[in-house]
Each structure stands twice: as structure tokens, then as C-alpha cells.
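> Pasting final_5.csv below, which is CSV, C-alpha atoms.
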```csv
chain,number,residue,atom,x,y,z
A,1,MET,CA,0.0,0.0,0.0
A,2,LYS,CA,1.0,3.6,-0.4
A,3,SER,CA,2.9,5.2,2.5
A,4,PHE,CA,4.3,8.6,3.2
A,5,ARG,CA,6.9,10.0,5.5
A,6,ILE,CA,5.9,12.0,8.5
A,7,GLY,CA,9.3,12.6,10.1
A,8,SER,CA,12.3,10.7,11.5
A,9,LEU,CA,13.7,9.5,14.8
A,10,PHE,CA,17.5,8.9,15.3
A,11,GLY,CA,17.8,9.2,11.5
A,12,ILE,CA,15.2,6.5,10.8
A,13,PRO,CA,12.3,7.6,8.6
A,14,ILE,CA,8.9,7.2,10.1
A,15,LYS,CA,6.1,6.4,7.6
A,16,LEU,CA,2.4,6.1,7.7
A,17,ASP,CA,0.8,3.5,5.4
A,18,ILE,CA,-2.6,4.4,4.1
A,19,THR,CA,-4.1,1.5,6.0
A,20,PHE,CA,-3.1,3.2,9.2
A,21,LEU,CA,-5.3,6.1,8.4
A,22,LEU,CA,-8.2,3.7,8.0
A,23,ILE,CA,-7.6,1.7,11.2
A,24,LEU,CA,-6.9,4.7,13.6
A,25,PRO,CA,-10.5,5.9,13.6
A,26,VAL,CA,-11.7,2.3,14.0
A,27,PHE,CA,-9.5,1.9,17.1
A,28,ALA,CA,-10.6,5.3,18.4
A,29,TYR,CA,-14.3,4.3,18.0
A,30,LEU,CA,-13.8,0.9,19.6
A,31,ILE,CA,-12.0,2.4,22.6
A,32,GLY,CA,-14.7,5.1,22.9
A,33,LEU,CA,-17.4,2.4,23.1
A,34,GLN,CA,-15.6,0.6,25.9
A,35,ILE,CA,-15.0,3.5,28.3
A,36,GLU,CA,-17.2,2.1,31.0
A,37,PRO,CA,-16.1,-1.6,31.1
A,38,VAL,CA,-12.4,-0.6,30.7
A,39,ALA,CA,-12.7,2.0,33.5
A,40,ALA,CA,-14.3,-0.7,35.7
A,41,ILE,CA,-11.4,-3.0,35.1
A,42,LEU,CA,-8.9,-0.3,35.8
A,43,ASN,CA,-10.8,0.6,39.0
A,44,GLU,CA,-10.7,-3.0,40.1
A,45,THR,CA,-7.2,-4.0,39.2
A,46,MET,CA,-5.3,-0.7,39.7
A,47,ASN,CA,-7.6,1.0,42.3
A,48,ALA,CA,-7.9,3.8,39.7
A,49,GLY,CA,-11.0,5.4,41.3
A,50,ILE,CA,-12.1,6.7,37.8
A,51,SER,CA,-15.6,8.1,37.8
A,52,THR,CA,-17.3,7.4,34.5
A,53,GLU,CA,-20.0,10.0,34.8
A,54,GLU,CA,-18.1,12.8,33.1
A,55,ILE,CA,-16.0,10.8,30.7
A,56,THR,CA,-19.0,9.1,29.1
A,57,THR,CA,-20.9,12.2,28.1
A,58,GLY,CA,-21.0,14.2,24.9
A,59,MET,CA,-17.9,13.9,22.7
A,60,THR,CA,-15.6,13.0,25.6
A,61,PRO,CA,-15.6,9.2,24.9
A,62,TRP,CA,-14.5,9.8,21.3
A,63,ILE,CA,-11.8,12.3,22.3
A,64,LEU,CA,-10.5,9.9,24.9
A,65,GLY,CA,-10.7,7.0,22.3
A,66,LEU,CA,-8.7,9.0,19.8
A,67,THR,CA,-6.1,10.1,22.4
A,68,ALA,CA,-5.7,6.5,23.6
A,69,ALA,CA,-5.4,5.2,20.0
A,70,ILE,CA,-2.7,7.7,19.1
A,71,GLY,CA,-0.9,6.9,22.4
A,72,LEU,CA,-1.1,3.2,21.5
A,73,PHE,CA,0.5,3.7,18.1
A,74,VAL,CA,3.2,6.0,19.6
A,75,GLY,CA,4.0,3.0,21.8
A,76,VAL,CA,4.2,0.8,18.7
A,77,VAL,CA,6.7,3.2,17.1
A,78,LEU,CA,8.8,3.1,20.3
A,79,HIS,CA,8.5,-0.7,20.2
A,80,GLU,CA,9.9,-0.8,16.6
A,81,LEU,CA,12.5,1.8,17.5
A,82,GLY,CA,13.8,-0.7,20.2
A,83,HIS,CA,14.3,-3.3,17.4
A,84,SER,CA,15.8,-0.7,15.1
A,85,LEU,CA,18.3,0.9,17.4
A,86,THR,CA,19.5,-2.5,18.5
A,87,ALA,CA,19.9,-3.6,14.9
A,88,GLN,CA,21.8,-0.5,14.1
A,89,ARG,CA,24.2,-1.2,17.0
A,90,TYR,CA,25.1,-4.4,15.2
A,91,GLY,CA,25.6,-2.6,11.9
A,92,PHE,CA,22.3,-3.4,10.2
A,93,PRO,CA,20.8,-0.3,8.5
A,94,ILE,CA,17.1,0.4,9.0
A,95,GLU,CA,15.3,1.6,5.9
A,96,SER,CA,12.2,2.9,7.8
A,97,ILE,CA,9.6,2.3,10.4
A,98,THR,CA,6.1,2.1,9.0
A,99,LEU,CA,2.8,2.2,10.9
A,100,TRP,CA,0.1,0.2,9.1
A,101,LEU,CA,-3.1,-1.8,9.5
A,102,LEU,CA,-1.6,-4.4,11.9
A,103,GLY,CA,0.7,-2.1,13.9
A,104,GLY,CA,4.3,-1.3,13.1
A,105,LEU,CA,7.0,-2.7,10.9
A,106,ALA,CA,10.7,-2.0,11.1
A,107,ALA,CA,12.3,-2.6,7.7
A,108,LEU,CA,15.8,-4.0,8.2
A,109,SER,CA,18.1,-4.2,5.3
A,110,GLU,CA,18.8,-7.8,6.2
A,111,MET,CA,18.3,-10.1,9.2
A,112,PRO,CA,21.4,-11.1,11.3
A,113,GLU,CA,22.3,-14.8,11.1
A,114,ASP,CA,24.2,-14.7,14.5
A,115,TRP,CA,21.7,-16.1,17.0
A,116,LYS,CA,22.8,-13.8,19.8
A,117,GLN,CA,22.3,-10.7,17.7
A,118,GLU,CA,18.8,-11.8,16.5
A,119,LEU,CA,17.9,-12.7,20.1
A,120,ASN,CA,18.8,-9.2,21.3
A,121,ILE,CA,17.1,-7.5,18.4
A,122,ALA,CA,13.9,-9.5,18.9
A,123,ILE,CA,13.6,-9.0,22.6
A,124,ALA,CA,14.4,-5.2,22.4
A,125,GLY,CA,10.9,-4.3,21.2
A,126,PRO,CA,8.9,-6.1,23.9
A,127,ILE,CA,11.3,-4.7,26.6
A,128,VAL,CA,10.6,-1.2,25.3
A,129,SER,CA,6.8,-1.9,25.4
A,130,VAL,CA,7.1,-3.0,29.0
A,131,LEU,CA,9.1,0.2,29.8
A,132,VAL,CA,6.4,2.3,28.1
A,133,GLY,CA,3.8,0.5,30.1
A,134,VAL,CA,5.7,1.2,33.3
A,135,ALA,CA,6.2,4.8,32.4
A,136,SER,CA,2.4,5.2,31.6
A,137,TYR,CA,1.6,3.6,35.0
A,138,GLY,CA,4.0,6.0,36.7
A,139,LEU,CA,2.3,9.0,35.1
A,140,PHE,CA,-1.0,7.5,36.0
A,141,LEU,CA,0.0,7.4,39.7
A,142,ALA,CA,1.2,11.0,39.5
A,143,THR,CA,-2.0,12.3,37.9
A,144,PRO,CA,-4.4,14.0,40.3
A,145,ALA,CA,-7.5,11.9,41.1
A,146,GLU,CA,-9.9,14.5,39.7
A,147,LEU,CA,-8.5,14.2,36.2
A,148,ASP,CA,-10.5,11.1,35.3
A,149,GLY,CA,-10.0,11.3,31.5
A,150,ILE,CA,-6.2,11.5,31.7
A,151,ARG,CA,-6.0,8.8,34.3
A,152,PHE,CA,-8.2,6.6,32.1
A,153,VAL,CA,-5.9,7.1,29.0
A,154,LEU,CA,-2.7,6.5,31.0
A,155,GLY,CA,-4.1,3.4,32.8
A,156,TYR,CA,-5.3,2.0,29.5
A,157,LEU,CA,-1.9,2.6,27.8
A,158,ALA,CA,-0.1,1.0,30.8
A,159,VAL,CA,-2.1,-2.2,30.5
A,160,LEU,CA,-2.1,-2.2,26.7
A,161,ASN,CA,1.6,-1.8,26.2
A,162,VAL,CA,2.4,-4.6,28.6
A,163,ALA,CA,-0.2,-6.7,26.8
A,164,LEU,CA,1.4,-5.8,23.5
A,165,ALA,CA,4.8,-7.0,24.8
A,166,ILE,CA,3.2,-10.3,26.0
A,167,PHE,CA,1.3,-10.9,22.7
A,168,ASN,CA,4.5,-10.2,20.7
A,169,MET,CA,6.3,-12.9,22.6
A,170,VAL,CA,4.0,-15.6,21.3
A,171,PRO,CA,6.3,-18.0,19.4
A,172,ALA,CA,4.5,-17.3,16.1
A,173,PHE,CA,7.4,-16.6,13.7
A,174,PRO,CA,8.0,-13.9,12.4
A,175,MET,CA,6.6,-12.2,15.4
A,176,ASP,CA,9.1,-11.2,18.1
A,177,GLY,CA,8.6,-14.5,20.0
A,178,GLY,CA,9.1,-16.5,16.9
A,179,ARG,CA,12.3,-14.7,16.2
A,180,VAL,CA,13.4,-15.4,19.7
A,181,LEU,CA,12.6,-19.1,19.1
A,182,ARG,CA,14.6,-19.1,15.8
A,183,ALA,CA,17.6,-17.5,17.6
A,184,LEU,CA,17.5,-20.3,20.3
A,185,LEU,CA,17.1,-23.0,17.6
A,186,ALA,CA,20.0,-21.6,15.7
A,187,ARG,CA,22.4,-22.1,18.6
A,188,ASN,CA,23.0,-25.7,17.6
A,189,ARG,CA,21.7,-26.1,14.0
A,190,PRO,CA,22.0,-24.4,10.7
A,191,TYR,CA,20.3,-21.1,10.3
A,192,ALA,CA,18.1,-22.2,7.4
A,193,ARG,CA,17.0,-25.3,9.3
A,194,ALA,CA,16.2,-23.2,12.4
A,195,THR,CA,14.2,-20.9,10.2
A,196,GLN,CA,12.2,-23.7,8.7
A,197,GLN,CA,11.4,-25.1,12.1
A,198,ALA,CA,10.4,-21.7,13.6
A,199,ALA,CA,8.3,-21.0,10.5
A,200,SER,CA,6.4,-24.4,10.9
A,201,ILE,CA,5.7,-23.6,14.5
A,202,GLY,CA,4.7,-20.1,13.6
A,203,LYS,CA,2.2,-21.3,10.9
A,204,LEU,CA,0.7,-23.7,13.5
A,205,PHE,CA,0.2,-20.8,15.9
A,206,ALA,CA,-1.3,-18.8,13.1
A,207,ILE,CA,-3.9,-21.4,12.5
A,208,ILE,CA,-4.8,-21.6,16.2
A,209,MET,CA,-4.9,-17.8,16.3
A,210,ALA,CA,-7.3,-17.7,13.3
A,211,LEU,CA,-9.6,-20.3,14.9
A,212,PHE,CA,-9.6,-18.4,18.2
A,213,GLY,CA,-10.3,-15.2,16.3
A,214,LEU,CA,-13.4,-16.7,14.7
A,215,PHE,CA,-15.1,-16.7,18.1
A,216,THR,CA,-13.5,-13.6,19.7
A,217,ASN,CA,-11.9,-10.9,17.5
A,218,ILE,CA,-11.7,-10.6,13.7
A,219,PHE,CA,-8.5,-8.6,14.1
A,220,LEU,CA,-6.8,-11.8,15.3
A,221,ILE,CA,-7.7,-13.5,11.9
A,222,ALA,CA,-5.9,-10.7,10.1
A,223,VAL,CA,-2.9,-11.1,12.3
A,224,ALA,CA,-2.9,-14.8,11.8
A,225,PHE,CA,-3.1,-14.4,8.0
A,226,PHE,CA,-0.1,-12.1,8.0
A,227,VAL,CA,1.9,-14.4,10.3
A,228,TYR,CA,1.2,-17.4,8.1
A,229,ILE,CA,2.1,-15.7,4.8
A,230,ALA,CA,5.2,-13.9,6.3
A,231,ALA,CA,6.5,-17.1,7.9
A,232,SER,CA,6.2,-19.0,4.6
A,233,SER,CA,7.9,-16.2,2.7
A,234,GLU,CA,10.8,-15.7,5.1
A,235,SER,CA,11.4,-19.4,5.4
A,236,ARG,CA,11.6,-19.7,1.6
A,237,GLN,CA,13.9,-16.7,1.3
A,238,VAL,CA,16.3,-18.0,3.9
A,239,THR,CA,16.3,-21.5,2.4
A,240,MET,CA,17.2,-20.0,-1.0
A,241,LYS,CA,19.9,-17.8,0.4
A,242,ALA,CA,21.5,-20.8,2.1
A,243,ALA,CA,21.3,-22.8,-1.2
A,244,PHE,CA,22.8,-20.0,-3.2
A,245,GLU,CA,25.7,-19.4,-0.8
A,246,GLY,CA,28.9,-19.2,-2.8
A,247,VAL,CA,27.0,-19.1,-6.1
A,248,SER,CA,27.6,-16.1,-8.3
A,249,VAL,CA,25.6,-14.6,-11.2
A,250,ARG,CA,28.4,-15.8,-13.5
A,251,ASP,CA,27.7,-19.4,-12.5
A,252,ILE,CA,24.0,-19.3,-13.5
A,253,MET,CA,23.8,-16.6,-16.3
A,254,THR,CA,23.5,-17.3,-20.0
A,255,PRO,CA,26.8,-16.0,-21.4
A,256,ALA,CA,26.8,-13.3,-24.1
A,257,GLY,CA,28.0,-15.7,-26.8
A,258,SER,CA,24.9,-17.8,-26.3
A,259,LEU,CA,22.3,-15.0,-26.0
A,260,HIS,CA,19.5,-14.6,-28.5
A,261,THR,CA,19.4,-10.9,-29.4
A,262,VAL,CA,17.4,-8.6,-31.7
A,263,MET,CA,18.2,-5.4,-33.7
A,264,PRO,CA,16.3,-2.2,-33.1
A,265,GLY,CA,14.9,-2.3,-36.6
A,266,THR,CA,13.1,-5.6,-36.2
A,267,SER,CA,9.3,-5.3,-36.5
A,268,VAL,CA,7.2,-6.1,-33.5
A,269,ALA,CA,5.4,-8.8,-35.6
A,270,ASP,CA,8.8,-10.5,-36.3
A,271,LEU,CA,9.8,-10.2,-32.7
A,272,ILE,CA,6.6,-12.0,-31.5
A,273,ARG,CA,7.2,-14.8,-34.1
A,274,ARG,CA,10.7,-15.2,-32.8
A,275,MET,CA,9.5,-15.4,-29.2
A,276,PHE,CA,7.0,-18.1,-30.2
A,277,SER,CA,9.6,-20.2,-32.1
A,278,GLU,CA,12.5,-19.7,-29.7
A,279,ARG,CA,10.4,-19.7,-26.5
A,280,HIS,CA,12.0,-16.6,-25.1
A,281,THR,CA,10.1,-13.7,-23.7
A,282,GLY,CA,13.0,-11.1,-23.4
A,283,TYR,CA,15.8,-10.1,-25.7
A,284,PRO,CA,18.7,-7.7,-25.4
A,285,VAL,CA,18.6,-5.2,-28.3
A,286,ILE,CA,22.0,-4.8,-30.0
A,287,ASP,CA,22.8,-2.1,-32.5
A,288,ASP,CA,26.2,-2.2,-34.3
A,289,GLY,CA,27.6,-4.4,-31.5
A,290,HIS,CA,26.4,-2.2,-28.7
A,291,LEU,CA,23.6,-2.8,-26.2
A,292,VAL,CA,20.9,-0.2,-26.7
A,293,GLY,CA,17.9,-1.7,-24.8
A,294,LEU,CA,15.9,-4.6,-23.7
A,295,VAL,CA,12.6,-5.8,-25.2
A,296,THR,CA,10.1,-8.2,-23.5
A,297,LEU,CA,6.8,-9.8,-24.3
A,298,SER,CA,5.0,-7.2,-22.2
A,299,ASP,CA,6.5,-4.4,-24.3
A,300,ALA,CA,5.4,-6.1,-27.5
A,301,ARG,CA,1.9,-7.1,-26.6
A,302,ASP,CA,1.0,-3.5,-25.8
A,303,ILE,CA,0.9,-3.0,-29.6
A,304,LYS,CA,-2.4,-4.0,-31.3
A,305,PRO,CA,-2.0,-7.0,-33.6
A,306,VAL,CA,-2.9,-5.0,-36.8
A,307,GLU,CA,-0.2,-2.5,-36.0
A,308,ARG,CA,2.7,-4.8,-35.2
A,309,ASP,CA,4.2,-4.7,-38.7
A,310,ALA,CA,4.4,-0.9,-38.5
A,311,PHE,CA,6.2,-0.7,-35.2
A,312,THR,CA,9.8,-1.8,-34.5
A,313,VAL,CA,11.6,-3.0,-31.5
A,314,ALA,CA,13.1,0.5,-31.1
A,315,ASP,CA,9.6,1.9,-30.6
A,316,VAL,CA,8.8,-0.4,-27.7
A,317,MET,CA,12.0,-1.4,-26.1
A,318,SER,CA,13.1,-0.2,-22.6
A,319,THR,CA,16.2,1.8,-22.3
A,320,ASP,CA,16.0,2.0,-18.5
A,321,LEU,CA,18.2,-1.1,-18.1
A,322,LYS,CA,18.4,-3.1,-14.9
A,323,THR,CA,21.9,-4.6,-14.6
A,324,ILE,CA,24.1,-6.6,-12.3
A,325,GLU,CA,27.8,-7.5,-12.2
A,326,PRO,CA,28.8,-11.1,-13.0
A,327,ASP,CA,30.6,-11.6,-9.7
A,328,ALA,CA,27.5,-10.5,-7.6
A,329,ASP,CA,25.8,-13.2,-5.5
A,330,ALA,CA,23.0,-15.1,-7.2
A,331,MET,CA,20.8,-14.2,-4.2
A,332,THR,CA,21.4,-10.5,-4.8
A,333,ALA,CA,20.2,-11.0,-8.4
A,334,LEU,CA,17.0,-12.6,-7.2
A,335,GLU,CA,16.4,-9.9,-4.5
A,336,ARG,CA,16.9,-7.2,-7.1
A,337,MET,CA,14.4,-8.8,-9.5
A,338,GLN,CA,11.9,-9.1,-6.7
A,339,LYS,CA,12.4,-5.5,-5.6
A,340,ASP,CA,12.0,-4.1,-9.2
A,341,ASP,CA,9.3,-6.7,-10.1
A,342,ILE,CA,11.2,-7.8,-13.3
A,343,GLY,CA,12.0,-11.2,-14.8
A,344,ARG,CA,15.6,-10.7,-15.9
A,345,LEU,CA,18.8,-8.7,-15.4
A,346,LEU,CA,21.4,-7.8,-17.9
A,347,VAL,CA,24.9,-8.8,-16.7
A,348,MET,CA,27.4,-6.1,-17.4
A,349,ASP,CA,31.2,-6.1,-16.6
A,350,ARG,CA,33.0,-3.1,-15.1
A,351,HIS,CA,33.7,-1.7,-18.5
A,352,GLY,CA,30.0,-1.5,-19.4
A,353,ASP,CA,30.1,-4.5,-21.8
A,354,LEU,CA,27.2,-7.0,-21.9
A,355,VAL,CA,28.6,-10.4,-20.7
A,356,GLY,CA,25.3,-12.3,-20.1
A,357,LEU,CA,21.7,-12.4,-19.0
A,358,ILE,CA,20.2,-13.9,-15.9
A,359,THR,CA,16.5,-14.7,-15.5
A,360,ARG,CA,14.2,-15.8,-12.7
A,361,THR,CA,13.9,-19.1,-14.6
A,362,ASP,CA,17.7,-19.5,-14.5
A,363,LEU,CA,17.6,-19.0,-10.7
A,364,MET,CA,14.7,-21.3,-10.1
A,365,THR,CA,16.3,-24.0,-12.2
A,366,ALA,CA,19.6,-23.6,-10.3
A,367,MET,CA,17.6,-23.8,-7.1
A,368,ASN,CA,16.0,-27.1,-8.1
A,369,ILE,CA,19.3,-28.6,-9.1
A,370,ILE,CA,20.9,-27.6,-5.8
A,371,ARG,CA,18.0,-29.1,-3.8
A,372,GLN,CA,17.8,-32.4,-5.7
A,373,SER,CA,21.5,-32.9,-5.9
A,374,GLY,CA,22.2,-31.8,-2.3
A,375,ALA,CA,25.1,-29.6,-3.5
A,376,MET,CA,25.2,-26.4,-1.5
A,377,ASN,CA,28.0,-24.9,-3.6
A,378,PRO,CA,27.8,-26.0,-7.2
A,379,ALA,CA,30.2,-23.2,-8.1
A,380,ALA,CA,32.9,-25.1,-6.4
A,381,ASN,CA,32.4,-28.0,-8.9
A,382,GLU,CA,31.6,-27.4,-12.5
A,383,GLY,CA,28.9,-24.7,-12.3
A,384,PHE,CA,25.7,-24.6,-14.4
A,385,VAL,CA,25.4,-25.1,-18.1
A,386,ASN,CA,22.7,-23.0,-19.8
```
Translate the structure described by the file into C-alpha cells.

Amino acid sequence: MKSFRIGSLFGIPIKLDITFLLILPVFAYLIGLQIEPVAAILNETMNAGISTEEITTGMTPWILGLTAAIGLFVGVVLHELGHSLTAQRYGFPIESITLWLLGGLAALSEMPEDWKQELNIAIAGPIVSVLVGVASYGLFLATPAELDGIRFVLGYLAVLNVALAIFNMVPAFPMDGGRVLRALLARNRPYARATQQAASIGKLFAIIMALFGLFTNIFLIAVAFFVYIAASSESRQVTMKAAFEGVSVRDIMTPAGSLHTVMPGTSVADLIRRMFSERHTGYPVIDDGHLVGLVTLSDARDIKPVERDAFTVADVMSTDLKTIEPDADAMTALERMQKDDIGRLLVMDRHGDLVGLITRTDLMTAMNIIRQSGAMNPAANEGFVN
């Protein structure tokens, strides 16, 4: 979803996702509806002495609901800041902290594979949430008894931040508790294997969470869905990274001498005929021995069939070329393709010459060979033949 920056803390950009703007008034409304029962719980458990007569009249419940909702998300930012500052201490840059539908998300450039580092990063967030809860309780105690509205908000935030810390410690990978679990598993087994085991446990908890949410809170179903998808995605990513360890782009790419290329003057109709006969969906465009562009099936199919003889490759090709060096890691190539949502990268040497092409299909084929052969470093043997 679309997000926009609202500021920064410790040099880390803070962003709001559009879904946050949708969920904030919902939270404010729900909290406003629950003023009386929540106040009763605070009075019973914290001896708050909150009178609900004044804080449940007029617009007061909705003002308190909005204040508590904003305070809750401030606590979420601080929670993510705990993760982020700890990660930065270990040398992992933080791209941003984003508030969205399900809370907060700190975007680390990469996850540490040292179990001690991941353990410390994972528990930093819940520790901060507990400290925020304690600070809220301290302010609650210091607030005069006649300020019922302020005491309600502070008491509510004290309980909610501690509850947030406890909830995040559920071992449902990739939540904080799940990352703690992976860190502990990684003490005596390979990182990829620890990730797979933590992800399996996380998906089990996600299913339990979703079933529980059917009878209690629909919000839990959304969290469970996110946990299940995220656990599967990260497990797959870590497994691929382990498999591609020591494998470079050069080992997998199709070298320049074996590439199928087209000239800029080729008609779009001829290009599509070549794609059909050669079963390729992307071609480097070469003019007088020099790379001038890249043309793909998506470029060609934008032209109406009756007009394809009149248009040439030069009319539809892309000149905004996505490239990678031959000595780059294969996993780097895959991550770049995923980030830019493209199917291939042109492989260029330091002199700017085209030396090959690597596609998602190349990477997936290499991945399958590694899995089936059990070889974790094919580059150390004979490499791949395209």
C-alpha cells in the first residue's frame, strides 16, 4: 500500500501506510465504546478510582478514544524503535519504520544470522513496550485523582503496552517471540533449518490464532493471515539464500555468446514470431555491436496485432536497463528482481560491456538442481550449463 513519510527518529524515517489512516479511527471508535467496562477493570485492578459520569458524556468518549489510539501507536513506534536501534548497533541499517493496519514494521536491510544478535534485536521491542507501560503507569499514579479522563488514558496505555509485549512474545514466527525461538534453535543447528522449524511452529500458531479469532476478535484473523504468509515467505527466502551461498551470477547466467538478441529495426510482428519459435520472452537489443535496450513480451503485446508490422523494437524497447555484475551473489540478483518486479537482469562487466543475461527461470532451475543434488555450492564444482 502507499505510504508517506511524517518525520524521523534517530535518523530512521517514520512512515504512515494508508491502511493506518483507516484503522486509527476504528480503534478510536472501539475504545470510545468501551470506556465504562475498561474503566471498571482499571478501578478493580489498579484501584484507579475513575468516575465514568463525566468521561462518558458528549464527545468525551471519542476524544479519549482517539487520544488512547494515538498513544497506542506511539507505543508501537517506540517498540519498533527498540528493534531498530539494537539492529543499528550491530551494523544493520534500517530503511524505515512504518505504521500500518496491523501495527508497526521496522524494515531491516537484512536479518542477522548470528543467533545472539537476533535474540537481542527480537527482545528489544517487547522490553521497550514494557518500559512504556511502566512509564504510563508512573504517570497514571502521578496524575491528580480528579482528572478522570487523563487517568483513564494513562491506565489504558499502561495495560495495553504490557499486553502488546506479551502478545508479541507468542512464538509465532516472524513475530518477536518467533524470532526469539529461531535464535534459540540456531544455537545448535544451521540457520536455514532453524528458520524452517520456527516457521512451521509459527504457521501452527497462526492457524490456532485464526480459529480463536473466529469466536472472539476478527482482528486476530488478520494477524494470523499475516503471520502465516510472512512465515512462509521468510522461510523460503532464507532457504534460497542458504542454497545460493557461494554461487555467483556468472555461475548461472546465459553468457553473451549464447544469447538470443534482436536489432532495433526488427518489427514487433517478427519479434513475437521469434518469441514463439525460440520460446524466449525477453531479448537484449543490439545495434552495431552495442547494447541499446531490452525488449520483452509485455512491451510487444501493448501494440495492437494489426499495427505490429508498422512498429519496430526501437519503438517499444526499454532503455532503463536493470543490470548486475557477473561476480555478484546469485541471491542478490533474485532480490533485485523481486524488488524491481522484473524477470531478468542484464549482466554487465566493469567496462559496461554485456557479458550475459540472468532470469528468474535460471535462478529457479539452479535452485531445483541444488535441492535435488544436495550440493550447496555447485560453483565449487563445474557450475551450471545453460
> Which is closer to Ala198 in chain A than all the others in A:Leu105, A:Phe225, A:Val170, A:Thr56, using all atoms listed in the file?
A:Val170
> Could you please determine the separation between CA of Ala328 in chain A and CA of Met275 in chain A in Å, to one decimal place?
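A separation of 28.5 Å between them.
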> Report the distance between CA of Ala330 in chain A and CA of Ala192 in chain A in Å, rounded to one decimal place.
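The value is 17.0 Å.
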> At a cut-off of 6 Å around the point (26.4, -12.1, -14.8) (file coordinates), what residues fall inside when counting all atoms listed in the file? I'd like the answer as a PDB file with C-alpha atoms, keeping the file's coordinate frame.

```pdb
ATOM      1  CA  VAL A 249      25.600 -14.600 -11.200  1.00  0.00           C
ATOM      2  CA  ARG A 250      28.400 -15.800 -13.500  1.00  0.00           C
ATOM      3  CA  MET A 253      23.800 -16.600 -16.300  1.00  0.00           C
ATOM      4  CA  GLU A 325      27.800  -7.500 -12.200  1.00  0.00           C
ATOM      5  CA  PRO A 326      28.800 -11.100 -13.000  1.00  0.00           C
ATOM      6  CA  VAL A 347      24.900  -8.800 -16.700  1.00  0.00           C
ATOM      7  CA  GLY A 356      25.300 -12.300 -20.100  1.00  0.00           C
TER       8      GLY A 356
END
```
> Counting all atoms listed in the file, what is within 8 Å of Leu321 in chain A, bar same-chain residues fewer than 3 positions away, as a PyMOL selection string?
chain A and resi 293-294+318+346
> Go ahead and write the selection's residues with C-alpha atoms as an mmCIF file, keeping the file's coordinate frame.

```
data_model
loop_
_atom_site.group_PDB
_atom_site.id
_atom_site.type_symbol
_atom_site.label_atom_id
_atom_site.label_comp_id
_atom_site.auth_asym_id
_atom_site.auth_seq_id
_atom_site.Cartn_x
_atom_site.Cartn_y
_atom_site.Cartn_z
ATOM 1 C CA GLY A 293 17.900 -1.700 -24.800
ATOM 2 C CA LEU A 294 15.900 -4.600 -23.700
ATOM 3 C CA SER A 318 13.100 -0.200 -22.600
ATOM 4 C CA LEU A 346 21.400 -7.800 -17.900
#
```
> So that I can check the surroundings of Gly49 in chain A, please list as a VMD selection string every protein, DNA and RNA residue that reaches within 10 Å of it, counting only C-alpha atoms and ignoring chain neighbours fewer than 6 positions away.
chain A and resid 39 to 40 42 to 43 145 to 146 148 151 to 152
> For Leu259 in chain A, which residue out of A:Glu110, A:Glu95, A:Glu278, A:Glu118 is the nearest one, using only C-alpha atoms?
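Looking at the shortest contact to Leu259 in chain A, the residue is A:Glu278.
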> For range 78-90 of chain A, supply N, CA and C atoms and report the output as a PDB file, in the coordinates of the input.

```pdb
ATOM      1  N   LEU A  78       7.684   3.260  19.334  1.00  0.00           N
ATOM      2  CA  LEU A  78       8.800   3.100  20.300  1.00  0.00           C
ATOM      3  C   LEU A  78       9.214   1.610  20.336  1.00  0.00           C
ATOM      4  N   HIS A  79       8.240   0.709  20.254  1.00  0.00           N
ATOM      5  CA  HIS A  79       8.500  -0.700  20.200  1.00  0.00           C
ATOM      6  C   HIS A  79       9.442  -1.047  19.011  1.00  0.00           C
ATOM      7  N   GLU A  80       9.050  -0.557  17.828  1.00  0.00           N
ATOM      8  CA  GLU A  80       9.900  -0.800  16.600  1.00  0.00           C
ATOM      9  C   GLU A  80      11.199  -0.079  16.691  1.00  0.00           C
ATOM     10  N   LEU A  81      11.220   1.050  17.371  1.00  0.00           N
ATOM     11  CA  LEU A  81      12.500   1.800  17.500  1.00  0.00           C
ATOM     12  C   LEU A  81      13.449   0.968  18.386  1.00  0.00           C
ATOM     13  N   GLY A  82      12.908   0.224  19.350  1.00  0.00           N
ATOM     14  CA  GLY A  82      13.800  -0.700  20.200  1.00  0.00           C
ATOM     15  C   GLY A  82      14.457  -1.689  19.282  1.00  0.00           C
ATOM     16  N   HIS A  83      13.686  -2.324  18.386  1.00  0.00           N
ATOM     17  CA  HIS A  83      14.300  -3.300  17.400  1.00  0.00           C
ATOM     18  C   HIS A  83      15.340  -2.564  16.578  1.00  0.00           C
ATOM     19  N   SER A  84      14.968  -1.392  16.061  1.00  0.00           N
ATOM     20  CA  SER A  84      15.800  -0.700  15.100  1.00  0.00           C
ATOM     21  C   SER A  84      17.122  -0.237  15.634  1.00  0.00           C
ATOM     22  N   LEU A  85      17.100   0.381  16.811  1.00  0.00           N
ATOM     23  CA  LEU A  85      18.300   0.900  17.400  1.00  0.00           C
ATOM     24  C   LEU A  85      19.272  -0.251  17.779  1.00  0.00           C
ATOM     25  N   THR A  86      18.695  -1.359  18.224  1.00  0.00           N
ATOM     26  CA  THR A  86      19.500  -2.500  18.500  1.00  0.00           C
ATOM     27  C   THR A  86      20.160  -3.090  17.280  1.00  0.00           C
ATOM     28  N   ALA A  87      19.356  -3.158  16.196  1.00  0.00           N
ATOM     29  CA  ALA A  87      19.900  -3.600  14.900  1.00  0.00           C
ATOM     30  C   ALA A  87      20.994  -2.733  14.409  1.00  0.00           C
ATOM     31  N   GLN A  88      20.805  -1.422  14.537  1.00  0.00           N
ATOM     32  CA  GLN A  88      21.800  -0.500  14.100  1.00  0.00           C
ATOM     33  C   GLN A  88      23.115  -0.639  14.888  1.00  0.00           C
ATOM     34  N   ARG A  89      22.978  -0.990  16.155  1.00  0.00           N
ATOM     35  CA  ARG A  89      24.200  -1.200  17.000  1.00  0.00           C
ATOM     36  C   ARG A  89      25.019  -2.334  16.459  1.00  0.00           C
ATOM     37  N   TYR A  90      24.364  -3.296  15.799  1.00  0.00           N
ATOM     38  CA  TYR A  90      25.100  -4.400  15.200  1.00  0.00           C
ATOM     39  C   TYR A  90      25.479  -4.168  13.763  1.00  0.00           C
TER      40      TYR A  90
END
```
